[in-house]
$ cat target.cif   # mmCIF, C-alpha atoms, pLDDT in the B column; chains and numbers go by the auth columns
data_start
loop_
_atom_site.group_PDB
_atom_site.id
_atom_site.type_symbol
_atom_site.label_atom_id
_atom_site.label_comp_id
_atom_site.label_asym_id
_atom_site.label_seq_id
_atom_site.Cartn_x
_atom_site.Cartn_y
_atom_site.Cartn_z
_atom_site.B_iso_or_equiv
_atom_site.auth_seq_id
_atom_site.auth_asym_id
ATOM 1 C CA MET A 1 -30.113 36.091 99.935 34.00 46 A
ATOM 2 C CA CYS A 2 -31.405 32.646 99.043 42.00 47 A
ATOM 3 C CA PRO A 3 -34.780 31.852 100.607 40.00 48 A
ATOM 4 C CA GLN A 4 -35.340 28.471 102.201 41.00 49 A
ATOM 5 C CA ALA A 5 -36.164 25.532 99.962 41.00 50 A
ATOM 6 C CA GLY A 6 -39.772 25.677 98.833 40.00 51 A
ATOM 7 C CA GLN A 7 -39.996 29.428 99.421 43.00 52 A
ATOM 8 C CA SER A 8 -39.602 32.277 96.953 45.00 53 A
ATOM 9 C CA ASP A 9 -40.403 35.930 96.480 49.00 54 A
ATOM 10 C CA PRO A 10 -43.188 36.172 93.847 44.00 55 A
ATOM 11 C CA LYS A 11 -42.207 39.746 92.981 45.00 56 A
ATOM 12 C CA THR A 12 -38.563 38.799 92.393 47.00 57 A
ATOM 13 C CA PHE A 13 -39.506 35.772 90.319 43.00 58 A
ATOM 14 C CA ALA A 14 -41.908 37.749 88.128 44.00 59 A
ATOM 15 C CA ALA A 15 -39.496 40.654 87.705 46.00 60 A
ATOM 16 C CA TYR A 16 -36.624 38.483 86.518 48.00 61 A
ATOM 17 C CA TYR A 17 -38.221 35.564 84.685 47.00 62 A
ATOM 18 C CA GLN A 18 -41.394 37.215 83.425 45.00 63 A
ATOM 19 C CA GLY A 19 -40.290 40.845 83.223 47.00 64 A
ATOM 20 C CA PHE A 20 -38.163 42.729 80.712 46.00 65 A
ATOM 21 C CA LEU A 21 -37.048 40.216 78.050 48.00 66 A
ATOM 22 C CA GLY A 22 -37.765 37.395 80.510 46.00 67 A
ATOM 23 C CA GLY A 23 -34.295 37.573 82.048 54.00 68 A
ATOM 24 C CA LYS A 24 -32.564 37.429 78.649 59.00 69 A
ATOM 25 C CA LEU A 25 -31.022 40.902 78.742 58.00 70 A
ATOM 26 C CA PHE A 26 -27.576 39.592 79.677 63.00 71 A
ATOM 27 C CA ARG A 27 -27.875 36.022 78.362 74.00 72 A
ATOM 28 C CA TRP A 28 -24.986 36.682 75.944 82.00 73 A
ATOM 29 C CA LEU A 29 -22.650 36.543 78.938 87.00 74 A
ATOM 30 C CA ASP A 30 -23.304 32.789 79.133 91.00 75 A
ATOM 31 C CA LEU A 31 -21.381 32.083 75.928 93.00 76 A
ATOM 32 C CA MET A 32 -17.962 32.689 77.459 95.00 77 A
ATOM 33 C CA LYS A 33 -19.005 31.008 80.705 96.00 78 A
ATOM 34 C CA LEU A 34 -19.920 27.875 78.761 96.00 79 A
ATOM 35 C CA ARG A 35 -16.569 27.956 76.973 95.00 80 A
ATOM 36 C CA ILE A 36 -14.744 27.981 80.320 96.00 81 A
ATOM 37 C CA MET A 37 -16.931 25.159 81.659 96.00 82 A
ATOM 38 C CA LYS A 38 -16.297 23.005 78.585 94.00 83 A
ATOM 39 C CA ARG A 39 -12.558 23.567 78.905 94.00 84 A
ATOM 40 C CA VAL A 40 -12.606 22.271 82.489 94.00 85 A
ATOM 41 C CA LEU A 41 -14.919 19.354 81.725 93.00 86 A
ATOM 42 C CA GLY A 42 -12.873 18.429 78.678 87.00 87 A
ATOM 43 C CA ARG A 43 -10.024 17.343 80.924 83.00 88 A
ATOM 44 C CA SER A 44 -11.885 14.071 81.486 80.00 89 A
ATOM 45 C CA ALA A 45 -13.249 11.848 78.736 74.00 90 A
ATOM 46 C CA GLY A 46 -15.028 9.546 81.168 81.00 91 A
ATOM 47 C CA PRO A 47 -18.449 10.101 82.748 91.00 92 A
ATOM 48 C CA LEU A 48 -18.687 12.911 85.287 95.00 93 A
ATOM 49 C CA GLN A 49 -21.203 13.717 88.001 97.00 94 A
ATOM 50 C CA LEU A 50 -21.882 17.467 88.095 97.00 95 A
ATOM 51 C CA VAL A 51 -24.151 19.446 90.400 98.00 96 A
ATOM 52 C CA ASP A 52 -25.408 22.845 89.272 97.00 97 A
ATOM 53 C CA LEU A 53 -26.004 24.836 92.473 97.00 98 A
ATOM 54 C CA GLY A 54 -28.414 27.640 91.671 95.00 99 A
ATOM 55 C CA CYS A 55 -29.525 26.169 88.353 93.00 100 A
ATOM 56 C CA GLY A 56 -32.405 28.595 87.795 89.00 101 A
ATOM 57 C CA THR A 57 -34.458 27.428 84.818 88.00 102 A
ATOM 58 C CA GLY A 58 -31.753 24.927 83.830 91.00 103 A
ATOM 59 C CA ASN A 59 -30.698 26.911 80.755 90.00 104 A
ATOM 60 C CA ILE A 60 -26.974 26.549 81.454 93.00 105 A
ATOM 61 C CA SER A 61 -27.332 22.872 82.343 94.00 106 A
ATOM 62 C CA ARG A 62 -29.188 22.095 79.110 93.00 107 A
ATOM 63 C CA ARG A 63 -26.598 23.819 76.950 93.00 108 A
ATOM 64 C CA LEU A 64 -23.735 22.260 78.880 94.00 109 A
ATOM 65 C CA HIS A 65 -25.155 18.744 78.608 92.00 110 A
ATOM 66 C CA SER A 66 -25.683 19.229 74.876 92.00 111 A
ATOM 67 C CA ALA A 67 -21.992 20.123 74.473 91.00 112 A
ATOM 68 C CA CYS A 68 -20.719 17.544 77.000 91.00 113 A
ATOM 69 C CA PRO A 69 -23.028 14.490 76.930 90.00 114 A
ATOM 70 C CA HIS A 70 -20.598 12.529 79.152 90.00 115 A
ATOM 71 C CA VAL A 71 -21.625 14.765 82.068 94.00 116 A
ATOM 72 C CA GLU A 72 -24.568 13.721 84.248 95.00 117 A
ATOM 73 C CA ILE A 73 -26.101 16.827 85.803 96.00 118 A
ATOM 74 C CA THR A 74 -28.081 17.322 88.995 96.00 119 A
ATOM 75 C CA CYS A 75 -29.886 20.675 89.158 95.00 120 A
ATOM 76 C CA VAL A 76 -30.330 22.366 92.529 96.00 121 A
ATOM 77 C CA ASP A 77 -32.279 25.506 93.386 94.00 122 A
ATOM 78 C CA HIS A 78 -34.397 26.886 96.214 91.00 123 A
ATOM 79 C CA ASP A 79 -37.409 27.767 94.049 89.00 124 A
ATOM 80 C CA PRO A 80 -39.740 24.896 93.041 89.00 125 A
ATOM 81 C CA ARG A 81 -40.968 26.844 90.006 88.00 126 A
ATOM 82 C CA LEU A 82 -37.434 27.080 88.657 88.00 127 A
ATOM 83 C CA LEU A 83 -36.852 23.388 89.332 90.00 128 A
ATOM 84 C CA ALA A 84 -40.023 22.560 87.410 88.00 129 A
ATOM 85 C CA LEU A 85 -38.584 24.410 84.414 86.00 130 A
ATOM 86 C CA ALA A 86 -35.208 22.696 84.863 85.00 131 A
ATOM 87 C CA MET A 87 -36.896 19.294 84.796 83.00 132 A
ATOM 88 C CA ARG A 88 -37.711 19.872 81.120 80.00 133 A
ATOM 89 C CA GLY A 89 -34.106 18.931 80.466 73.00 134 A
ATOM 90 C CA ASP A 90 -34.694 15.520 82.081 77.00 135 A
ATOM 91 C CA PHE A 91 -32.263 16.380 84.856 88.00 136 A
ATOM 92 C CA LYS A 92 -32.474 15.152 88.402 92.00 137 A
ATOM 93 C CA THR A 93 -33.624 18.128 90.485 94.00 138 A
ATOM 94 C CA VAL A 94 -33.183 18.803 94.193 95.00 139 A
ATOM 95 C CA ALA A 95 -34.587 21.657 96.292 95.00 140 A
ATOM 96 C CA ALA A 96 -32.069 23.125 98.732 95.00 141 A
ATOM 97 C CA ASP A 97 -31.349 26.222 100.784 93.00 142 A
ATOM 98 C CA PHE A 98 -27.734 27.249 100.092 92.00 143 A
ATOM 99 C CA ASN A 99 -27.539 28.895 103.508 92.00 144 A
ATOM 100 C CA ARG A 100 -27.823 25.474 105.153 94.00 145 A
ATOM 101 C CA THR A 101 -26.217 22.055 104.854 97.00 146 A
ATOM 102 C CA LEU A 102 -26.623 20.725 101.328 97.00 147 A
ATOM 103 C CA PRO A 103 -28.619 17.457 101.074 97.00 148 A
ATOM 104 C CA PHE A 104 -25.735 15.415 99.643 98.00 149 A
ATOM 105 C CA ALA A 105 -23.179 13.054 101.146 98.00 150 A
ATOM 106 C CA ASP A 106 -19.484 13.898 101.253 98.00 151 A
ATOM 107 C CA ALA A 107 -17.621 13.440 97.953 97.00 152 A
ATOM 108 C CA SER A 108 -20.773 12.988 95.850 98.00 153 A
ATOM 109 C CA PHE A 109 -19.707 14.882 92.716 98.00 154 A
ATOM 110 C CA ASP A 110 -16.798 15.288 90.319 97.00 155 A
ATOM 111 C CA VAL A 111 -17.732 18.894 89.540 97.00 156 A
ATOM 112 C CA VAL A 112 -19.609 21.554 91.505 98.00 157 A
ATOM 113 C CA LEU A 113 -20.853 24.454 89.365 98.00 158 A
ATOM 114 C CA MET A 114 -22.069 27.784 90.719 98.00 159 A
ATOM 115 C CA VAL A 115 -23.133 30.325 88.098 96.00 160 A
ATOM 116 C CA ASP A 116 -24.034 33.706 89.606 94.00 161 A
ATOM 117 C CA THR A 117 -25.114 32.059 92.848 95.00 162 A
ATOM 118 C CA ILE A 118 -22.433 32.585 95.495 96.00 163 A
ATOM 119 C CA GLU A 119 -22.987 36.369 95.680 95.00 164 A
ATOM 120 C CA HIS A 120 -26.567 35.800 96.894 93.00 165 A
ATOM 121 C CA VAL A 121 -25.822 33.666 99.976 95.00 166 A
ATOM 122 C CA ALA A 122 -25.644 34.863 103.574 93.00 167 A
ATOM 123 C CA SER A 123 -22.199 33.338 104.212 94.00 168 A
ATOM 124 C CA ARG A 124 -20.050 32.750 101.177 95.00 169 A
ATOM 125 C CA SER A 125 -17.488 30.931 103.333 96.00 170 A
ATOM 126 C CA ALA A 126 -20.061 28.467 104.681 97.00 171 A
ATOM 127 C CA THR A 127 -21.502 27.855 101.208 97.00 172 A
ATOM 128 C CA LEU A 128 -18.057 27.294 99.681 97.00 173 A
ATOM 129 C CA ASN A 129 -17.258 24.874 102.505 97.00 174 A
ATOM 130 C CA GLU A 130 -20.405 22.917 101.662 97.00 175 A
ATOM 131 C CA ALA A 131 -19.575 22.948 97.954 97.00 176 A
ATOM 132 C CA THR A 132 -16.098 21.630 98.755 98.00 177 A
ATOM 133 C CA ARG A 133 -17.486 18.966 101.101 97.00 178 A
ATOM 134 C CA ILE A 134 -19.680 17.368 98.432 98.00 179 A
ATOM 135 C CA LEU A 135 -16.832 17.435 95.900 98.00 180 A
ATOM 136 C CA ARG A 136 -14.553 14.441 95.356 97.00 181 A
ATOM 137 C CA ASP A 137 -10.861 14.846 96.183 96.00 182 A
ATOM 138 C CA THR A 138 -9.774 15.125 92.549 93.00 183 A
ATOM 139 C CA GLY A 139 -12.826 17.122 91.449 96.00 184 A
ATOM 140 C CA SER A 140 -13.256 20.757 90.439 97.00 185 A
ATOM 141 C CA LEU A 141 -15.316 23.672 91.676 98.00 186 A
ATOM 142 C CA ILE A 142 -16.300 26.172 88.962 98.00 187 A
ATOM 143 C CA VAL A 143 -17.571 29.569 90.116 98.00 188 A
ATOM 144 C CA PHE A 144 -18.880 32.564 88.171 98.00 189 A
ATOM 145 C CA THR A 145 -19.731 35.788 89.967 97.00 190 A
ATOM 146 C CA PRO A 146 -19.803 39.528 89.257 95.00 191 A
ATOM 147 C CA PRO A 147 -16.420 41.275 89.803 96.00 192 A
ATOM 148 C CA TYR A 148 -16.820 44.146 92.240 96.00 193 A
ATOM 149 C CA ASP A 149 -13.337 45.409 91.413 95.00 194 A
ATOM 150 C CA SER A 150 -14.311 46.015 87.772 94.00 195 A
ATOM 151 C CA ILE A 151 -15.425 49.488 86.706 93.00 196 A
ATOM 152 C CA ARG A 152 -17.203 47.926 83.737 91.00 197 A
ATOM 153 C CA TRP A 153 -19.229 45.647 86.009 90.00 198 A
ATOM 154 C CA LEU A 154 -20.171 48.519 88.334 91.00 199 A
ATOM 155 C CA ALA A 155 -21.325 50.532 85.318 91.00 200 A
ATOM 156 C CA GLY A 156 -23.189 47.485 83.977 83.00 201 A
ATOM 157 C CA GLU A 157 -24.898 46.975 87.327 84.00 202 A
ATOM 158 C CA MET A 158 -26.092 50.576 87.305 87.00 203 A
ATOM 159 C CA PHE A 159 -27.457 50.089 83.777 83.00 204 A
ATOM 160 C CA PHE A 160 -29.199 46.872 84.865 76.00 205 A
ATOM 161 C CA ARG A 161 -30.886 48.639 87.774 78.00 206 A
ATOM 162 C CA ILE A 162 -32.098 51.444 85.517 83.00 207 A
ATOM 163 C CA VAL A 163 -33.484 49.073 82.855 77.00 208 A
ATOM 164 C CA THR A 164 -35.070 46.457 85.143 72.00 209 A
ATOM 165 C CA ARG A 165 -35.879 48.712 88.114 74.00 210 A
ATOM 166 C CA ARG A 166 -34.949 46.015 90.598 72.00 211 A
ATOM 167 C CA PRO A 167 -32.013 45.364 92.927 74.00 212 A
ATOM 168 C CA LEU A 168 -29.524 42.561 92.265 77.00 213 A
ATOM 169 C CA GLU A 169 -29.421 41.428 95.914 82.00 214 A
ATOM 170 C CA HIS A 170 -25.689 40.710 95.831 91.00 215 A
ATOM 171 C CA ILE A 171 -25.016 40.468 99.555 92.00 216 A
ATOM 172 C CA SER A 172 -21.733 38.513 99.280 94.00 217 A
ATOM 173 C CA PRO A 173 -19.777 40.279 96.506 94.00 218 A
ATOM 174 C CA PHE A 174 -16.336 39.131 95.331 97.00 219 A
ATOM 175 C CA THR A 175 -13.230 40.727 93.902 97.00 220 A
ATOM 176 C CA ASN A 176 -10.413 38.913 92.095 97.00 221 A
ATOM 177 C CA GLU A 177 -8.382 38.951 95.299 98.00 222 A
ATOM 178 C CA SER A 178 -11.124 37.611 97.568 98.00 223 A
ATOM 179 C CA LEU A 179 -12.093 34.833 95.144 98.00 224 A
ATOM 180 C CA THR A 180 -8.452 33.833 94.702 98.00 225 A
ATOM 181 C CA TRP A 181 -8.007 33.619 98.470 98.00 226 A
ATOM 182 C CA SER A 182 -11.272 31.667 98.927 98.00 227 A
ATOM 183 C CA LEU A 183 -10.214 29.045 96.386 98.00 228 A
ATOM 184 C CA ALA A 184 -6.552 28.863 97.432 98.00 229 A
ATOM 185 C CA THR A 185 -7.508 28.032 101.024 97.00 230 A
ATOM 186 C CA ARG A 186 -9.578 25.057 99.814 97.00 231 A
ATOM 187 C CA PHE A 187 -7.786 23.743 96.719 98.00 232 A
ATOM 188 C CA GLU A 188 -4.249 22.901 95.705 97.00 233 A
ATOM 189 C CA ASP A 189 -4.755 24.238 92.189 97.00 234 A
ATOM 190 C CA CYS A 190 -6.772 27.329 91.373 96.00 235 A
ATOM 191 C CA GLN A 191 -7.269 29.728 88.495 97.00 236 A
ATOM 192 C CA VAL A 192 -9.087 33.054 88.594 98.00 237 A
ATOM 193 C CA GLY A 193 -9.728 35.501 85.779 97.00 238 A
ATOM 194 C CA TYR A 194 -12.062 37.969 84.113 97.00 239 A
ATOM 195 C CA ALA A 195 -14.277 37.370 81.088 96.00 240 A
ATOM 196 C CA ASN A 196 -16.912 39.192 79.064 94.00 241 A
ATOM 197 C CA PHE A 197 -14.993 42.483 78.965 92.00 242 A
ATOM 198 C CA GLY A 198 -14.683 42.580 82.737 93.00 243 A
ATOM 199 C CA LEU A 199 -18.349 41.810 83.460 92.00 244 A
ATOM 200 C CA THR A 200 -17.668 38.276 84.735 96.00 245 A
ATOM 201 C CA LEU A 201 -15.246 36.966 87.344 97.00 246 A
ATOM 202 C CA TRP A 202 -14.556 33.237 87.138 98.00 247 A
ATOM 203 C CA GLY A 203 -12.625 30.810 89.285 98.00 248 A
ATOM 204 C CA VAL A 204 -11.736 27.114 89.129 98.00 249 A
ATOM 205 C CA GLY A 205 -10.455 25.171 92.112 98.00 250 A
ATOM 206 C CA SER A 206 -9.177 21.603 91.732 97.00 251 A
ATOM 207 C CA ARG A 207 -7.787 18.935 94.071 96.00 252 A
ATOM 208 C CA LYS A 208 -9.089 19.595 97.571 96.00 253 A
ATOM 209 C CA ARG A 209 -6.603 20.467 100.275 91.00 254 A
ATOM 210 C CA LYS A 210 -6.311 17.885 103.026 80.00 255 A
ATOM 211 C CA ARG A 211 -7.683 19.103 106.338 71.00 256 A
#

$ encode --input "target.cif" --output "C-alpha cells"
Amino acid sequence: MCPQAGQSDPKTFAAYYQGFLGGKLFRWLDLMKLRIMKRVLGRSAGPLQLVDLGCGTGNISRRLHSACPHVEITCVDHDPRLLALAMRGDFKTVAADFNRTLPFADASFDVVLMVDTIEHVASRSATLNEATRILRDTGSLIVFTPPYDSIRWLAGEMFFRIVTRRPLEHISPFTNESLTWSLATRFEDCQVGYANFGLTLWGVGSRKRKR
C-alpha cells in the first residue's frame, strides 16, 4: 500500500534500496520492459509529455529518456527520498499519494507509465481511473505488474521472499484476464501480454473511451 505523500516506512526503504544488492536483484527484468516502452513511444516522432507514476529512484526514467530524448518526463512518487534520487536525472518531480486524487489537471499527459506500481495501491480501479483522467484522449497508458496467473512468477516471488526476507506488499494483484478487462473498460485499443519468461505482465491502453 502506498503511504501518503511525504511519508515512508524506513524499514521498507532500507530493505529494498540499501539491502541485498541495493534492489538490483531483478533489475534485468527492466530490459524487456524498456523495449516495450520504446515500441509504444516510437509511434510518435514529436515531443511527448510522460508521467512516471511510482518512479522510485528514477532509474527507468533515466534510461527511457536516454533512448527517447523527445519524451519529457515527470517523475512521481510518495517517498521524498526516492524523488531526491530521481532529481539527479534533471526530471520534474512531484510527490503524490496514489490512493488519492493525483495533483494534475485532466488531459495533462500523452503517456502515463506505471512500472510495478499498480499492485501496491488500495484500489486499483480508483488509481487506474486517475491515470486515465490525466491522460489525453489519444494518449497511452503503459502498465507493468507481476502476473498472478503465472507459475513462474509465483515461484519467483517465493524465491524473492527467501532471499530478501521481506514481503512484496502486493495488495492489488493482477492476472492477464483482470488487466485486460481493466484496460478494455477504459480504452478503445488495448494489448496485454507476458514478458521475461512469464515474470512480467504488461498492458497498453490507447484512445480513451468516451464517458

$ atom_distance --input "target.cif" --atom1 "atom CA of A:Arg178" --atom2 "atom CA of A:Arg256"
11.1 Å

$ atom_distance --input "target.cif" --atom1 "atom CA of A:His123" --atom2 "atom CA of A:Ala140"
5.2 Å

$ atom_distance --input "target.cif" --atom1 "atom CA of A:Ser227" --atom2 "atom CA of A:Gly91"
28.6 Å

$ closest_residue --input "target.cif" --among "A:Trp247, A:Thr225, A:Thr183, A:Asn241" --to "A:Leu76" --atoms "all atoms listed in the file"
A:Asn241

$ resolve_selection --input "target.cif" --expression "the PyMOL selection byres ((chain A and resi 94) around 6)" --output "PyMOL selection string"
chain A and resi 93+95+117+154-155

$ resolve_selection --input "target.cif" --expression "the PyMOL selection byres ((chain A and resi 189) around 7)" --output "CSV table (one decimal) with C-alpha atoms, in the coordinates of the input"
chain,number,residue,atom,x,y,z
A,159,MET,CA,-22.1,27.8,90.7
A,160,VAL,CA,-23.1,30.3,88.1
A,161,ASP,CA,-24.0,33.7,89.6
A,187,ILE,CA,-16.3,26.2,89.0
A,188,VAL,CA,-17.6,29.6,90.1
A,190,THR,CA,-19.7,35.8,90.0
A,245,THR,CA,-17.7,38.3,84.7
A,246,LEU,CA,-15.2,37.0,87.3
A,247,TRP,CA,-14.6,33.2,87.1
A,248,GLY,CA,-12.6,30.8,89.3

$ residues_around --input "target.cif" --residues "A:Leu213" --least-positions-apart "5" --cutoff "9 Å" --atoms "only C-alpha atoms" --output "list of chain:residue names"
A:His165, A:Glu202, A:Phe205, A:Arg206

$ closest_atom_pairs --input "target.cif" --of "stretch 56-168 of chain A" --to "stretch 233-239 of chain A" --cutoff "12 Å" --atoms "all atoms listed in the file" --output "CSV"
residue,atom,partner,partner_atom,distance
A:Leu74,CA,A:Tyr239,CA,11.9
A:Met77,CA,A:Tyr239,CA,10.3
A:Lys78,CA,A:Tyr239,CA,10.4
A:Ile81,CA,A:Gly238,CA,10.6
A:Val85,CA,A:Gln236,CA,11.0
